[in-house]
Amino acid sequence: MSTTAKSETTTARLIREEGLHVARNYDPLPVVVSTAEDVWVTDVEGRRYLDLLSAYSALNFGHRHPALVAAAVDQLGRLTLTSRAFHNDRLGEFAAALAELCGKDMVLPMNTGAEAVETGIKTARAWAYRVKGVPDGAARIIVAAGNFHGRTTTIVGFSDDPVARDNFGPFSSGFVTVPYADVDAVEAAIDANTAAVLVEPIQGEAGVIIPPDGYLRALREVCTKHHVLLIADEIQSGLGRAGTTFACDREGVVPDLYLLGKALGGGILPVSAVVGDRDVLGVFRPGEHGSTFGGNPVAAAVGLKVVELLRTGEFQERAATLGRKLEGMLSGLLGRGLTEVRVAGLWAGVDVHPSRGTGRDVARRLLERGVLVKDTHGQTVRIAPPLTIKASDLEWAVEQLELVL
Ligand SMILES: *Cc1c(COP(=O)(O)O)cnc(C)c1O
């Protein structure tokens with residue numbers, strides 16, 4: 001063992017070793033997690049942290065939820081993968097349950113969120129050509145400024161974040177960007193070749209940007225009027241986070257397609273899906289689209305259990321109730337280190353006053369106090385605990401934020 005290795009903490013050594021062979025596409029906070037249970041994670045030094053990021057809402061049910069782990073373990077002992085060259089005995093039941101949760105007919109299973117978005121784009125284009133009668137190659141999709149829909153080349157091509165985009169072109173055409181939460185701009189951008197409007201009902205990565213009440217309803221009306229699909233990217237906002245099963249439910253809006261991911265995999269494995277009715281998702285013909293792992297039996301077993309948990313309504317209710325509490329507590333910090341607070345369910349974006357440092361500085365100081373959060377876009381910190389969090393833990397976390405500010 002070298003002298004460096006002896007004097008180094010385990011944390012420092014593991015971070016250094018990871019850095020030797022892992023591409024630097026992330027800049028993680030300096031904590032090395034080794035175990036976790038529900039809302040708490042433990043690092044390699046034995047320190048405990050409250051997880052207020054929940055892997056960007058992939059951990060809505062907490063770490064290692066017993067029912068989800070049991071579903072995965074049970075399936076691992078029976079069948080893990082068939083590919084969709086053959087049927088497996090789990091996919092049908094999962095798809096039926098998820099379709100029912102969404103009030104739709106059909107599910108197209110994929111793995112990551114970005115794949116669900118890509119699938120939504122392909123669905124909208126094929127629908128435009130085969131159903132709406134748009135000339136082949138001419139379909140356009142309207143997207144919102146400030147969007148985050150994933151990291152594939154097509155998707156970053158219609159991002160307006162230079163960090164996500166720059167040096168990764170050339171990009172696909174066929175996307176039109178309009179301001180977020182501006183329904184008149186959407187309507188003005190629609191023409192005969194418009195296939196769809198793709199939107200996050202609440203913008204997550206942008207810093208939990210909540211559109212004014214009525215926006216989604218107006219968007220639904222405009223899409224229906226012009227025979228354009230409304231595609232809701234609920235990958236981060238859905239599955240209980242916003243205090244309802246889907247963020248669209250906050251305005252009683254039903255999109256033509258739901259894009260789901262993150263929490264659909266129960267914090268265990270990547271599971272995503274596009275959910276819609278037969279007149280839209282039915283456009284695919286065998287061989288036109290697919291995924292080797294999409295709809296695999298382990299994903300289906302875990303995804304089914306996720307749907308069963310959501311059917312109880314318990315998690316949505318907790319998100320709504322605890323979210324009101326969180327909003328009350330965070331509002332008390334306005335003018336005392338925070339300049340703006342945006343809360344939807346158990347999901348908050350708070351803007352830090354520059355005199356208190358950047359969002360990243362606040363995240364580092366919270367880490368020292370045993371709280372994990374992630375900054376976004378300079379001054380913003382995102383707060384998204386597992387929906388299983390106790391009120392007392394939430395109070396403690398906000399106390400730590402107050403101390404740090
Ligand atoms: C995370 C996210 C995605 C991409 O999901 P991945 O699983 O990381 O590919 C897409 N849309 C939204 C709104 C997201 O938050």
# chains A, B, ... in the order shown; residues from 1 in each chain; ligands from 1
call {"tool": "residues_near_ligand", "arguments": {"ligand": "ligand 1", "cutoff": "8 Å", "atoms": "only C-alpha atoms and all ligand atoms", "output": "compact mmCIF listing (two decimals) with N, CA and C atoms, in the first residue's frame"}}
result
# COMPACT_ATOMS: atom_id res chain seq x y z
N TYR A 56 -33.55 11.80 -8.48
CA TYR A 56 -34.40 12.57 -9.40
C TYR A 56 -35.81 11.97 -9.49
N ASN A 111 -36.95 1.11 -21.41
CA ASN A 111 -36.14 1.03 -20.20
C ASN A 111 -35.90 2.40 -19.58
N THR A 112 -35.18 3.26 -20.29
CA THR A 112 -34.87 4.57 -19.73
C THR A 112 -35.91 5.61 -20.14
N GLY A 113 -35.87 6.74 -19.44
CA GLY A 113 -36.77 7.83 -19.77
C GLY A 113 -36.53 8.34 -21.18
N ALA A 114 -35.26 8.52 -21.53
CA ALA A 114 -34.95 9.03 -22.88
C ALA A 114 -35.55 8.13 -23.95
N GLU A 115 -35.54 6.83 -23.71
CA GLU A 115 -36.14 5.91 -24.69
C GLU A 115 -37.65 6.08 -24.78
N ALA A 116 -38.28 6.39 -23.64
CA ALA A 116 -39.72 6.64 -23.68
C ALA A 116 -40.00 7.90 -24.50
N VAL A 117 -39.16 8.93 -24.32
CA VAL A 117 -39.34 10.16 -25.09
C VAL A 117 -39.14 9.89 -26.58
N ASN A 147 -36.88 22.99 -21.59
CA ASN A 147 -37.25 21.58 -21.41
C ASN A 147 -36.06 20.71 -21.02
N PHE A 148 -36.38 19.61 -20.35
CA PHE A 148 -35.40 18.52 -20.22
C PHE A 148 -36.14 17.23 -20.50
N HIS A 149 -35.73 16.53 -21.56
CA HIS A 149 -36.38 15.26 -21.91
C HIS A 149 -35.39 14.12 -22.03
N GLY A 150 -34.11 14.34 -21.66
CA GLY A 150 -33.15 13.25 -21.73
C GLY A 150 -31.93 13.63 -22.52
N ARG A 151 -31.12 12.65 -22.89
CA ARG A 151 -29.77 12.93 -23.37
C ARG A 151 -29.41 12.34 -24.73
N GLU A 200 -43.42 18.97 -20.43
CA GLU A 200 -43.39 18.53 -19.03
C GLU A 200 -44.49 19.32 -18.30
N GLN A 203 -41.82 21.56 -15.08
CA GLN A 203 -40.44 21.35 -15.56
C GLN A 203 -39.52 21.03 -14.38
N GLY A 204 -38.97 19.81 -14.39
CA GLY A 204 -38.15 19.34 -13.28
C GLY A 204 -36.74 19.89 -13.27
N GLU A 205 -35.95 19.51 -14.28
CA GLU A 205 -34.55 19.93 -14.31
C GLU A 205 -34.41 21.44 -14.37
N ASP A 233 -44.66 14.51 -20.74
CA ASP A 233 -43.49 13.84 -20.18
C ASP A 233 -43.63 13.89 -18.66
N GLU A 234 -44.14 12.78 -18.11
CA GLU A 234 -44.37 12.68 -16.65
C GLU A 234 -43.29 11.81 -16.02
N ILE A 235 -42.13 11.74 -16.66
CA ILE A 235 -41.06 10.88 -16.18
C ILE A 235 -40.60 11.28 -14.78
N GLN A 236 -40.54 12.60 -14.54
CA GLN A 236 -40.15 13.06 -13.20
C GLN A 236 -41.37 13.53 -12.39
N SER A 237 -42.36 14.11 -13.06
CA SER A 237 -43.49 14.72 -12.34
C SER A 237 -44.56 13.70 -11.95
N GLY A 261 -41.28 6.93 -16.52
CA GLY A 261 -39.97 6.30 -16.29
C GLY A 261 -39.65 6.44 -14.81
N LYS A 262 -38.38 6.67 -14.53
CA LYS A 262 -37.90 6.91 -13.16
C LYS A 262 -38.59 6.02 -12.11
N PRO A 270 -34.08 0.25 -14.43
CA PRO A 270 -34.74 1.19 -15.33
C PRO A 270 -35.97 0.56 -15.99
N SER A 272 -39.33 2.09 -18.24
CA SER A 272 -40.07 3.23 -18.78
C SER A 272 -41.17 2.72 -19.69
call {"tool": "residues_around", "arguments": {"residues": "region 92-94 of chain A", "least_positions_apart": "3", "cutoff": "6 Å", "atoms": "only C-alpha atoms", "output": "compact mmCIF listing (two decimals) with N, CA, C and O atoms, in the first residue's frame"}}
result
# COMPACT_ATOMS: atom_id res chain seq x y z
N ALA A 97 -52.24 -3.44 -15.92
CA ALA A 97 -52.34 -2.63 -14.69
C ALA A 97 -51.91 -1.19 -14.95
O ALA A 97 -52.56 -0.25 -14.49
N ALA A 300 -41.21 -5.95 -15.49
CA ALA A 300 -42.67 -6.08 -15.42
C ALA A 300 -43.12 -6.41 -13.99
O ALA A 300 -44.11 -5.86 -13.50
N LEU A 304 -45.29 -3.73 -12.01
CA LEU A 304 -46.62 -4.11 -11.54
C LEU A 304 -46.79 -3.75 -10.07
O LEU A 304 -47.82 -3.20 -9.65
call {"tool": "closest_residue", "arguments": {"among": "A:Val176, A:Thr154, A:Thr244, A:Arg250", "to": "Asp191 (chain A)", "atoms": "only C-alpha atoms"}}
result
A:Val176
call {"tool": "select_by_dssp", "arguments": {"residues": "region 36-279 of chain A", "states": "strand (DSSP E or B)", "output": "PyMOL selection string"}}
result
chain A and resi 36-38+40-43+48-51+63+106-110+140-144+175-178+194-199+203+209+229-233+257-260+272-276
call {"tool": "residues_around", "arguments": {"residues": "His377 (chain A)", "least_positions_apart": "2", "cutoff": "10 Å", "atoms": "only C-alpha atoms", "output": "number ranges by chain"}}
result
A: 161, 205-207, 351, 358-360, 375, 379-381
call {"tool": "residues_around", "arguments": {"residues": "Asp249 (chain A)", "least_positions_apart": "4", "cutoff": "12 Å", "atoms": "only C-alpha atoms", "output": "ChimeraX atom specification"}}
result
/A:102-103,201-202,213-214,216-217,232,234,237-245,253-255,258,316,345
call {"tool": "closest_residue", "arguments": {"among": "A:Glu118, A:Ala263, A:Gly137, A:Val371", "to": "Thr153 (chain A)", "atoms": "only C-alpha atoms"}}
result
A:Glu118
call {"tool": "atom_distance", "arguments": {"atom1": "CA of Ala218 (chain A)", "atom2": "CA of Tyr129 (chain A)"}}
result
25.5 Å
call {"tool": "residues_around", "arguments": {"residues": "Leu330 (chain A)", "least_positions_apart": "4", "cutoff": "8 Å", "atoms": "only C-alpha atoms", "output": "list in words"}}
result
Leu326, Leu334, Val341 and Val398 of chain A
call {"tool": "write_last_selection", "arguments": {"atoms": "N, CA, C and O atoms", "output": "PDB file, in the first residue's frame"}}
result
ATOM      1  N   LEU A 326     -44.273  21.186   3.707  1.00  0.00           N
ATOM      2  CA  LEU A 326     -42.975  21.629   3.180  1.00  0.00           C
ATOM      3  C   LEU A 326     -43.086  23.062   2.660  1.00  0.00           C
ATOM      4  O   LEU A 326     -42.211  23.904   2.916  1.00  0.00           O
ATOM      5  N   LEU A 334     -38.240  32.564   2.996  1.00  0.00           N
ATOM      6  CA  LEU A 334     -38.225  33.624   1.976  1.00  0.00           C
ATOM      7  C   LEU A 334     -37.724  34.905   2.611  1.00  0.00           C
ATOM      8  O   LEU A 334     -38.173  35.290   3.700  1.00  0.00           O
ATOM      9  N   VAL A 341     -39.635  30.249  -3.795  1.00  0.00           N
ATOM     10  CA  VAL A 341     -39.961  28.876  -3.408  1.00  0.00           C
ATOM     11  C   VAL A 341     -41.088  28.395  -4.306  1.00  0.00           C
ATOM     12  O   VAL A 341     -42.113  29.069  -4.420  1.00  0.00           O
ATOM     13  N   VAL A 398     -35.461  20.674   6.825  1.00  0.00           N
ATOM     14  CA  VAL A 398     -35.644  22.111   6.574  1.00  0.00           C
ATOM     15  C   VAL A 398     -34.883  22.922   7.624  1.00  0.00           C
ATOM     16  O   VAL A 398     -34.333  23.984   7.323  1.00  0.00           O
TER      17      VAL A 398
END
call {"tool": "atom_distance", "arguments": {"atom1": "CA of Asp361 (chain A)", "atom2": "CA of Ser392 (chain A)"}}
result
25.1 Å
call {"tool": "select_by_dssp", "arguments": {"residues": "region 85-265 of chain A", "states": "helix (DSSP H, G or I)", "output": "mmCIF file with C-alpha atoms, in the first residue's frame"}}
result
data_model
loop_
_atom_site.group_PDB
_atom_site.id
_atom_site.type_symbol
_atom_site.label_atom_id
_atom_site.label_comp_id
_atom_site.auth_asym_id
_atom_site.auth_seq_id
_atom_site.Cartn_x
_atom_site.Cartn_y
_atom_site.Cartn_z
ATOM 1 C CA LEU A 91 -45.622 -8.453 -19.379
ATOM 2 C CA GLY A 92 -49.355 -8.736 -20.038
ATOM 3 C CA GLU A 93 -50.364 -8.284 -16.414
ATOM 4 C CA PHE A 94 -48.022 -5.299 -15.942
ATOM 5 C CA ALA A 95 -49.261 -3.601 -19.111
ATOM 6 C CA ALA A 96 -52.915 -4.115 -18.146
ATOM 7 C CA ALA A 97 -52.342 -2.635 -14.694
ATOM 8 C CA LEU A 98 -50.352 0.347 -15.975
ATOM 9 C CA ALA A 99 -52.843 1.068 -18.757
ATOM 10 C CA GLU A 100 -55.654 0.992 -16.199
ATOM 11 C CA LEU A 101 -53.771 3.380 -13.887
ATOM 12 C CA CYS A 102 -53.471 5.776 -16.819
ATOM 13 C CA GLY A 113 -36.766 7.832 -19.769
ATOM 14 C CA ALA A 114 -34.953 9.031 -22.875
ATOM 15 C CA GLU A 115 -36.139 5.908 -24.688
ATOM 16 C CA ALA A 116 -39.722 6.639 -23.677
ATOM 17 C CA VAL A 117 -39.341 10.164 -25.089
ATOM 18 C CA GLU A 118 -37.825 8.817 -28.327
ATOM 19 C CA THR A 119 -40.709 6.341 -28.533
ATOM 20 C CA GLY A 120 -43.197 9.171 -28.014
ATOM 21 C CA ILE A 121 -41.573 11.111 -30.855
ATOM 22 C CA LYS A 122 -41.701 8.109 -33.198
ATOM 23 C CA THR A 123 -45.317 7.449 -32.217
ATOM 24 C CA ALA A 124 -46.307 11.054 -32.958
ATOM 25 C CA ARG A 125 -44.556 11.062 -36.330
ATOM 26 C CA ALA A 126 -46.023 7.723 -37.455
ATOM 27 C CA TRP A 127 -49.464 8.892 -36.273
ATOM 28 C CA ALA A 128 -49.077 12.142 -38.230
ATOM 29 C CA TYR A 129 -48.286 10.270 -41.471
ATOM 30 C CA ARG A 130 -50.640 7.327 -41.103
ATOM 31 C CA VAL A 131 -53.623 8.881 -39.353
ATOM 32 C CA LYS A 132 -53.526 12.642 -39.736
ATOM 33 C CA THR A 153 -28.833 13.239 -29.793
ATOM 34 C CA THR A 154 -32.391 13.845 -31.012
ATOM 35 C CA ILE A 155 -33.517 15.033 -27.581
ATOM 36 C CA VAL A 156 -30.574 17.339 -26.815
ATOM 37 C CA GLY A 157 -31.070 18.774 -30.297
ATOM 38 C CA PRO A 162 -25.907 24.922 -24.184
ATOM 39 C CA VAL A 163 -24.273 22.464 -21.739
ATOM 40 C CA ALA A 164 -26.557 19.679 -22.964
ATOM 41 C CA ARG A 165 -26.274 20.620 -26.649
ATOM 42 C CA VAL A 183 -50.539 28.476 -24.820
ATOM 43 C CA ASP A 184 -50.942 31.304 -27.369
ATOM 44 C CA ALA A 185 -47.390 30.662 -28.550
ATOM 45 C CA VAL A 186 -48.242 26.980 -28.986
ATOM 46 C CA GLU A 187 -51.358 27.769 -30.994
ATOM 47 C CA ALA A 188 -49.455 30.247 -33.180
ATOM 48 C CA ALA A 189 -46.796 27.587 -33.886
ATOM 49 C CA TYR A 215 -52.211 26.212 -18.720
ATOM 50 C CA LEU A 216 -52.515 22.451 -19.150
ATOM 51 C CA ARG A 217 -56.293 22.683 -19.659
ATOM 52 C CA ALA A 218 -55.839 25.366 -22.316
ATOM 53 C CA LEU A 219 -53.096 23.305 -23.961
ATOM 54 C CA ARG A 220 -55.416 20.275 -24.024
ATOM 55 C CA GLU A 221 -58.128 22.341 -25.731
ATOM 56 C CA VAL A 222 -55.759 23.762 -28.339
ATOM 57 C CA CYS A 223 -54.353 20.305 -29.153
ATOM 58 C CA THR A 224 -57.831 18.803 -29.509
ATOM 59 C CA LYS A 225 -59.047 21.710 -31.652
ATOM 60 C CA ALA A 247 -49.054 16.098 -12.581
ATOM 61 C CA CYS A 248 -51.687 16.452 -15.358
ATOM 62 C CA ASP A 249 -54.292 15.363 -12.766
ATOM 63 C CA ARG A 250 -53.757 18.671 -10.961
ATOM 64 C CA GLU A 251 -55.755 20.269 -13.786
ATOM 65 C CA LYS A 262 -37.902 6.908 -13.164
ATOM 66 C CA ALA A 263 -40.175 5.760 -10.259
ATOM 67 C CA LEU A 264 -41.772 3.136 -12.545
ATOM 68 C CA GLY A 265 -38.666 1.036 -11.866
#
call {"tool": "residues_around", "arguments": {"residues": "Leu230 (chain A)", "least_positions_apart": "6", "cutoff": "6 Å", "atoms": "only C-alpha atoms", "output": "count of residues only"}}
result
4
call {"tool": "closest_residue", "arguments": {"among": "A:Phe293, A:Phe86, A:Trp40, A:Tyr180", "to": "Ala397 (chain A)", "atoms": "only C-alpha atoms"}}
result
A:Trp40
call {"tool": "atom_distance", "arguments": {"atom1": "CA of Glu45 (chain A)", "atom2": "CA of Val33 (chain A)"}}
result
9.0 Å
call {"tool": "residues_around", "arguments": {"residues": "Gly328 (chain A)", "least_positions_apart": "4", "cutoff": "12 Å", "atoms": "only C-alpha atoms", "output": "count of residues only"}}
result
15
call {"tool": "closest_residue", "arguments": {"among": "A:Pro28, A:Gly169, A:Gly174, A:Gly294", "to": "Val107 (chain A)", "atoms": "only C-alpha atoms"}}
result
A:Gly294
call {"tool": "decode", "arguments": {"residues": "region 24-45 of chain A", "atoms": "N, CA and C atoms", "output": "short mmCIF file (atom, residue, chain, number, x, y, z; two decimals), in the first residue's frame"}}
result
data_model
loop_
_atom_site.label_atom_id
_atom_site.label_comp_id
_atom_site.auth_asym_id
_atom_site.auth_seq_id
_atom_site.Cartn_x
_atom_site.Cartn_y
_atom_site.Cartn_z
N ARG A 24 -15.92 11.66 -17.10
CA ARG A 24 -16.36 12.76 -16.23
C ARG A 24 -17.62 13.44 -16.74
N ASN A 25 -18.65 12.68 -17.03
CA ASN A 25 -19.89 13.30 -17.50
C ASN A 25 -20.77 13.75 -16.34
N TYR A 26 -20.35 13.51 -15.10
CA TYR A 26 -21.04 14.03 -13.91
C TYR A 26 -19.99 14.67 -13.00
N ASP A 27 -20.47 15.47 -12.06
CA ASP A 27 -19.60 16.06 -11.05
C ASP A 27 -20.24 15.82 -9.68
N PRO A 28 -20.15 14.56 -9.18
CA PRO A 28 -20.92 14.20 -7.97
C PRO A 28 -20.42 14.94 -6.73
N LEU A 29 -21.30 15.11 -5.76
CA LEU A 29 -20.89 15.62 -4.45
C LEU A 29 -19.98 14.57 -3.80
N PRO A 30 -19.06 15.01 -2.92
CA PRO A 30 -18.05 14.09 -2.37
C PRO A 30 -18.59 13.19 -1.26
N VAL A 31 -19.50 12.30 -1.60
CA VAL A 31 -20.00 11.30 -0.65
C VAL A 31 -20.08 9.98 -1.39
N VAL A 32 -19.64 8.91 -0.72
CA VAL A 32 -19.65 7.58 -1.35
C VAL A 32 -20.64 6.71 -0.58
N VAL A 33 -21.78 6.47 -1.18
CA VAL A 33 -22.86 5.76 -0.50
C VAL A 33 -22.65 4.26 -0.63
N SER A 34 -22.89 3.53 0.46
CA SER A 34 -22.75 2.08 0.34
C SER A 34 -23.99 1.30 0.73
N THR A 35 -24.84 1.84 1.60
CA THR A 35 -26.09 1.13 1.91
C THR A 35 -27.21 2.15 2.07
N ALA A 36 -28.45 1.68 2.00
CA ALA A 36 -29.58 2.59 2.15
C ALA A 36 -30.82 1.84 2.58
N GLU A 37 -31.66 2.56 3.31
CA GLU A 37 -32.96 2.01 3.68
C GLU A 37 -33.96 3.15 3.76
N ASP A 38 -35.03 3.02 3.01
CA ASP A 38 -36.10 4.02 2.96
C ASP A 38 -35.53 5.41 2.63
N VAL A 39 -35.59 6.36 3.57
CA VAL A 39 -35.15 7.72 3.21
C VAL A 39 -33.70 7.99 3.62
N TRP A 40 -33.05 7.04 4.26
CA TRP A 40 -31.70 7.24 4.78
C TRP A 40 -30.67 6.44 3.99
N VAL A 41 -29.53 7.06 3.70
CA VAL A 41 -28.42 6.34 3.08
C VAL A 41 -27.22 6.44 4.02
N THR A 42 -26.32 5.46 3.93
CA THR A 42 -25.12 5.44 4.77
C THR A 42 -23.90 5.39 3.87
N ASP A 43 -22.88 6.20 4.20
CA ASP A 43 -21.69 6.22 3.35
C ASP A 43 -20.64 5.25 3.87
N VAL A 44 -19.52 5.17 3.15
CA VAL A 44 -18.49 4.18 3.49
C VAL A 44 -17.79 4.48 4.82
N GLU A 45 -18.00 5.69 5.37
CA GLU A 45 -17.43 6.03 6.69
C GLU A 45 -18.45 5.76 7.80
#
